[in-house]
Amino acid sequence: MNFVFLGSPGAGKGTVAKKISKVFAIPHISTGDLFRSEINSGTDIGKRVEDILTRGALAPDDVTIEIVKNRLQKPDTEKGFIMDGFPRTILQAEKLFNITRLNGVLNFEICEDEVVHRLSGRRTCRDCGNIHHIEYLPPKQDGICDVCGGELYTREDDKPESIQKRLQVYKAQTEPLIALYREKKLLYNIDASAVPEEVFRQAKDLLLSL
Ligand code: AMP
């Protein structure tokens, strides 16, 4: 089963995708994570996109499509995947149609105020990528990841200026994908403003029904 999770940054796609990935035994593919790993490893791609990510802008379509194509060639995607944060432009969506067939696109609906609140309070683990929130999901010990004991930090692009930029980019470049997937009869809406367990339940029930 091939799924795309669509929605603004901070809508909770990644958190839900990690859990859904376990239920369906298919990989969670986050292009943001792929880019961050390229940056951490100091690769050419990483060097090319580092500043772009910090600013909250979009990486070029050609690089992004290339890393997704490479990822989809790995054997763990044979039974399917959850794509989180890709596609983000019409061109990426068109390319994805050429690469593979989709079973459903979950659109995580949430208002902008809540997104800003979620992103500015988000703390990410440097080691395992696990996500905490200072209010909604505080770690047991301040600054330390509950899962692996790694250091929690505020992503550069979770700082106020970058959040505004990411939201603008989402509206201009990614929101048009909602209409595109609706037209293709692939779109299913999720109320992403609910608590994480409830959003997960909605997503799981919906995907099981497809
Ligand atoms: P995310 O972790 O999904 O919020 O992505 C973090 C950043 O990675 C984004 O703000 C972009 O700079 C870059 N990025 C992730 N996915 C894409 C994509 N599909 N197209 C272009 N840039 C992306």
# chains A, B, ... in the order shown; residues from 1 in each chain; ligands from 1
>>> residues_around(residues="stretch 97-110 of chain A", least_positions_apart="3", cutoff="8 Å", atoms="only C-alpha atoms", output="JSON, numbers by chain")
{"A": [1, 2, 3, 4, 5, 6, 7, 8, 11, 12, 13, 69, 93, 94, 114, 115, 178, 181, 186, 187, 188, 189, 190, 191, 192, 193, 203, 207, 210]}
>>> residues_near_ligand(ligand="ligand 1", cutoff="9 Å", atoms="only C-alpha atoms and all ligand atoms", output="PyMOL selection string")
chain A and resi 8-10+13-14+30-36+49-61+63-65+68+84-89+92+157-158+162-163+165-166+169
>>> closest_residue(among="A:Asp127, A:Glu112, A:Glu197, A:Glu135", to="A:Val147", atoms="only C-alpha atoms")
A:Asp127
>>> closest_residue(among="A:Ala194, A:Cys111, A:Ala179, A:Leu152", to="A:Asn130", atoms="only C-alpha atoms")
A:Leu152
>>> closest_residue(among="A:Val199, A:Cys128, A:Leu91, A:Ile82", to="A:Leu180", atoms="only C-alpha atoms")
A:Leu91
>>> residues_around(residues="A:Gly121", least_positions_apart="5", cutoff="10 Å", atoms="only C-alpha atoms", output="list in words")
Val115, Val116, His132, His133, Ile134, Glu135, Tyr136, Leu137, Pro138, Thr154, Asp158 and Lys159 of chain A
>>> select_by_dssp(residues="stretch 33-177 of chain A", states="strand (DSSP E)", output="ChimeraX atom specification")
/A:81-84,104-109,122-125,131-133,152-153
>>> residues_around(residues="A:Cys145", least_positions_apart="2", cutoff="9 Å", atoms="only C-alpha atoms", output="JSON, numbers by chain")
{"A": [123, 124, 125, 126, 127, 128, 130, 131, 132, 139, 140, 141, 142, 143, 147, 148, 149, 150, 151, 152]}
>>> closest_residue(among="A:Lys47, A:Arg71, A:Lys18, A:His117", to="A:Lys204", atoms="only C-alpha atoms")
A:Lys18
>>> closest_residue(among="A:Glu183, A:Ser37, A:Gln168, A:Ser120", to="A:Tyr153", atoms="only C-alpha atoms")
A:Ser120
>>> atom_distance(atom1="atom CA of A:Thr43", atom2="atom CA of A:Pro27")
23.1 Å
